[in-house]
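Below is one structure, written out as structure tokens; comments come after it.
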Amino acid sequence: MEILRQITGVKPDAKYRLRVEFDTGEEGVFDASPLLGYFCYRRLKDVNYFNLARVERGTVVWPNDEDFAPEMLWEKSEKPS
């Protein structure tokens, strides 16, 4: 059974990456740039808007209801070795 992790912190950068903190104390860097071609994430192409990322309900969200599932953030994040 997979452990469901929650996001407890996020720090966006100008290269469409998110430094995320998980409820396990672990951190990772998620590159969101491959998702920006999808229509549902079109607003995130504006780096100023992208930088409005915040944590809500255990995941990363933006003002117009865009979000990334915490499972995807965990699975696709680069973790420090």
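Residue numbers start at 1 in each chain; chains themselves are named A, B, ... in the order of the structure tokens; ligands are numbered from 1 in the order shown.
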
Worksheet item: Which of chain A counts as helix (DSSP H, G or I) under DSSP, as a PyMOL selection string please?
Response: chain A and resi 33-35+39-45+47-50+70-76

Residues from last step as file, C-alpha atoms, as a PDB file, in the first residue's frame:
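File result.pdb, as written:
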ATOM      1  CA  SER A  33       7.629  23.005 -17.294  1.00  0.00           C
ATOM      2  CA  PRO A  34       6.541  19.791 -19.122  1.00  0.00           C
ATOM      3  CA  LEU A  35       2.947  20.402 -17.961  1.00  0.00           C
ATOM      4  CA  PHE A  39      -4.595  23.805 -21.696  1.00  0.00           C
ATOM      5  CA  CYS A  40      -5.623  23.425 -18.051  1.00  0.00           C
ATOM      6  CA  TYR A  41      -2.240  24.816 -16.924  1.00  0.00           C
ATOM      7  CA  ARG A  42      -1.998  27.667 -19.466  1.00  0.00           C
ATOM      8  CA  ARG A  43      -2.058  30.386 -16.764  1.00  0.00           C
ATOM      9  CA  LEU A  44       1.032  28.886 -15.134  1.00  0.00           C
ATOM     10  CA  LYS A  45       3.132  29.957 -18.146  1.00  0.00           C
ATOM     11  CA  VAL A  47       5.983  33.210 -14.226  1.00  0.00           C
ATOM     12  CA  ASN A  48       4.451  35.889 -11.968  1.00  0.00           C
ATOM     13  CA  TYR A  49       1.317  33.792 -11.675  1.00  0.00           C
ATOM     14  CA  PHE A  50       3.343  30.600 -11.254  1.00  0.00           C
ATOM     15  CA  PRO A  70       0.674  15.508  -4.009  1.00  0.00           C
ATOM     16  CA  GLU A  71       1.221  11.960  -5.320  1.00  0.00           C
ATOM     17  CA  MET A  72       2.501  13.357  -8.612  1.00  0.00           C
ATOM     18  CA  LEU A  73       4.718  15.871  -6.822  1.00  0.00           C
ATOM     19  CA  TRP A  74       6.220  13.034  -4.781  1.00  0.00           C
ATOM     20  CA  GLU A  75       6.666  10.668  -7.708  1.00  0.00           C
ATOM     21  CA  LYS A  76       8.118  13.217 -10.156  1.00  0.00           C
TER      22      LYS A  76
END

Worksheet entry | Long-range neighbours of region 57-67 of chain A as a list in words, 6 Å cut-off, only C-alpha atoms, 3 positions minimum in chain |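 Contacts, in chain order: Gln6, Ile7, Ala53, Arg54 and Pro70 of chain A.
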
Let me see the file: selected residues, N, CA, C and O atoms, as a PDB file, in the first residue's frame.
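So selection_15.pdb came out as:
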ATOM      1  N   GLN A   6       1.541  14.388   2.094  1.00  0.00           N
ATOM      2  CA  GLN A   6       0.968  15.723   1.983  1.00  0.00           C
ATOM      3  C   GLN A   6       2.102  16.727   1.801  1.00  0.00           C
ATOM      4  O   GLN A   6       3.214  16.513   2.282  1.00  0.00           O
ATOM      5  N   ILE A   7       1.804  17.827   1.138  1.00  0.00           N
ATOM      6  CA  ILE A   7       2.762  18.907   0.963  1.00  0.00           C
ATOM      7  C   ILE A   7       2.604  19.851   2.154  1.00  0.00           C
ATOM      8  O   ILE A   7       1.491  20.244   2.507  1.00  0.00           O
ATOM      9  N   ALA A  53       2.174  30.228  -6.227  1.00  0.00           N
ATOM     10  CA  ALA A  53       1.930  28.886  -5.663  1.00  0.00           C
ATOM     11  C   ALA A  53       1.929  28.940  -4.141  1.00  0.00           C
ATOM     12  O   ALA A  53       2.743  29.636  -3.526  1.00  0.00           O
ATOM     13  N   ARG A  54       1.004  28.180  -3.554  1.00  0.00           N
ATOM     14  CA  ARG A  54       0.916  28.092  -2.089  1.00  0.00           C
ATOM     15  C   ARG A  54       0.413  26.698  -1.727  1.00  0.00           C
ATOM     16  O   ARG A  54      -0.079  25.964  -2.576  1.00  0.00           O
ATOM     17  N   PRO A  70      -0.532  15.768  -4.812  1.00  0.00           N
ATOM     18  CA  PRO A  70       0.674  15.508  -4.009  1.00  0.00           C
ATOM     19  C   PRO A  70       1.373  14.215  -4.409  1.00  0.00           C
ATOM     20  O   PRO A  70       2.594  14.122  -4.327  1.00  0.00           O
TER      21      PRO A  70
END

Worksheet item: What's the 9 Å shell around Pro80 (chain A), counting only C-alpha atoms, without same-chain residues fewer than 5 positions away, as a PyMOL selection string?
Response: chain A and resi 26-29

Item to complete: Quick one: pull the distance between CA of Gly9 (chain A) and CA of Val55 (chain A), Å, one decimal.
Response: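 Going from CA of Gly9 (chain A) over to CA of Val55 (chain A) covers 6.2 Å.
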
Practice prompt. Would you please work out which residue, of A:Leu36, A:Asn51, A:Ala69, A:Arg5, is nearest to Arg19 (chain A) when using only C-alpha atoms?
Written response: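 Smallest separation from Arg19 (chain A) among the options: A:Asn51.
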
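Taking chain A and asking which residues DSSP calls strand (DSSP E) on the backbone, you get A:Ile7, A:Thr8, A:Gly9, A:Val10, A:Lys11, A:Pro12, A:Arg17, A:Leu18, A:Arg19, A:Val20, A:Glu21, A:Phe22, A:Glu27, A:Gly28, A:Val29, A:Phe30, A:Asp31, A:Arg54, A:Val55, A:Glu56, A:Thr59, A:Val60, A:Val61, A:Asp67, A:Phe68.
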
Generate a file of the selected residues that holds C-alpha atoms, formatted as a PDB file, in the first residue's frame.
ATOM      1  CA  ILE A   7       2.762  18.907   0.963  1.00  0.00           C
ATOM      2  CA  THR A   8       3.689  21.158   3.889  1.00  0.00           C
ATOM      3  CA  GLY A   9       5.747  23.817   2.089  1.00  0.00           C
ATOM      4  CA  VAL A  10       6.426  25.135  -1.399  1.00  0.00           C
ATOM      5  CA  LYS A  11       8.868  27.593  -2.917  1.00  0.00           C
ATOM      6  CA  PRO A  12       8.515  28.339  -6.657  1.00  0.00           C
ATOM      7  CA  ARG A  17      10.288  24.501 -10.610  1.00  0.00           C
ATOM      8  CA  LEU A  18       8.786  23.959  -7.187  1.00  0.00           C
ATOM      9  CA  ARG A  19      10.837  23.110  -4.133  1.00  0.00           C
ATOM     10  CA  VAL A  20       8.364  21.113  -2.082  1.00  0.00           C
ATOM     11  CA  GLU A  21       8.435  19.865   1.491  1.00  0.00           C
ATOM     12  CA  PHE A  22       6.516  16.727   2.370  1.00  0.00           C
ATOM     13  CA  GLU A  27      12.148  17.639   0.203  1.00  0.00           C
ATOM     14  CA  GLY A  28      12.115  17.485  -3.564  1.00  0.00           C
ATOM     15  CA  VAL A  29      12.294  19.696  -6.639  1.00  0.00           C
ATOM     16  CA  PHE A  30       9.467  19.330  -9.145  1.00  0.00           C
ATOM     17  CA  ASP A  31       9.917  20.633 -12.703  1.00  0.00           C
ATOM     18  CA  ARG A  54       0.916  28.092  -2.089  1.00  0.00           C
ATOM     19  CA  VAL A  55       0.047  25.071   0.020  1.00  0.00           C
ATOM     20  CA  GLU A  56      -3.605  24.340   0.678  1.00  0.00           C
ATOM     21  CA  THR A  59      -1.006  20.126  -2.001  1.00  0.00           C
ATOM     22  CA  VAL A  60       0.208  23.008  -4.187  1.00  0.00           C
ATOM     23  CA  VAL A  61      -2.494  25.330  -5.530  1.00  0.00           C
ATOM     24  CA  ASP A  67      -3.318  22.365  -8.518  1.00  0.00           C
ATOM     25  CA  PHE A  68      -0.919  19.447  -8.666  1.00  0.00           C
TER      26      PHE A  68
END
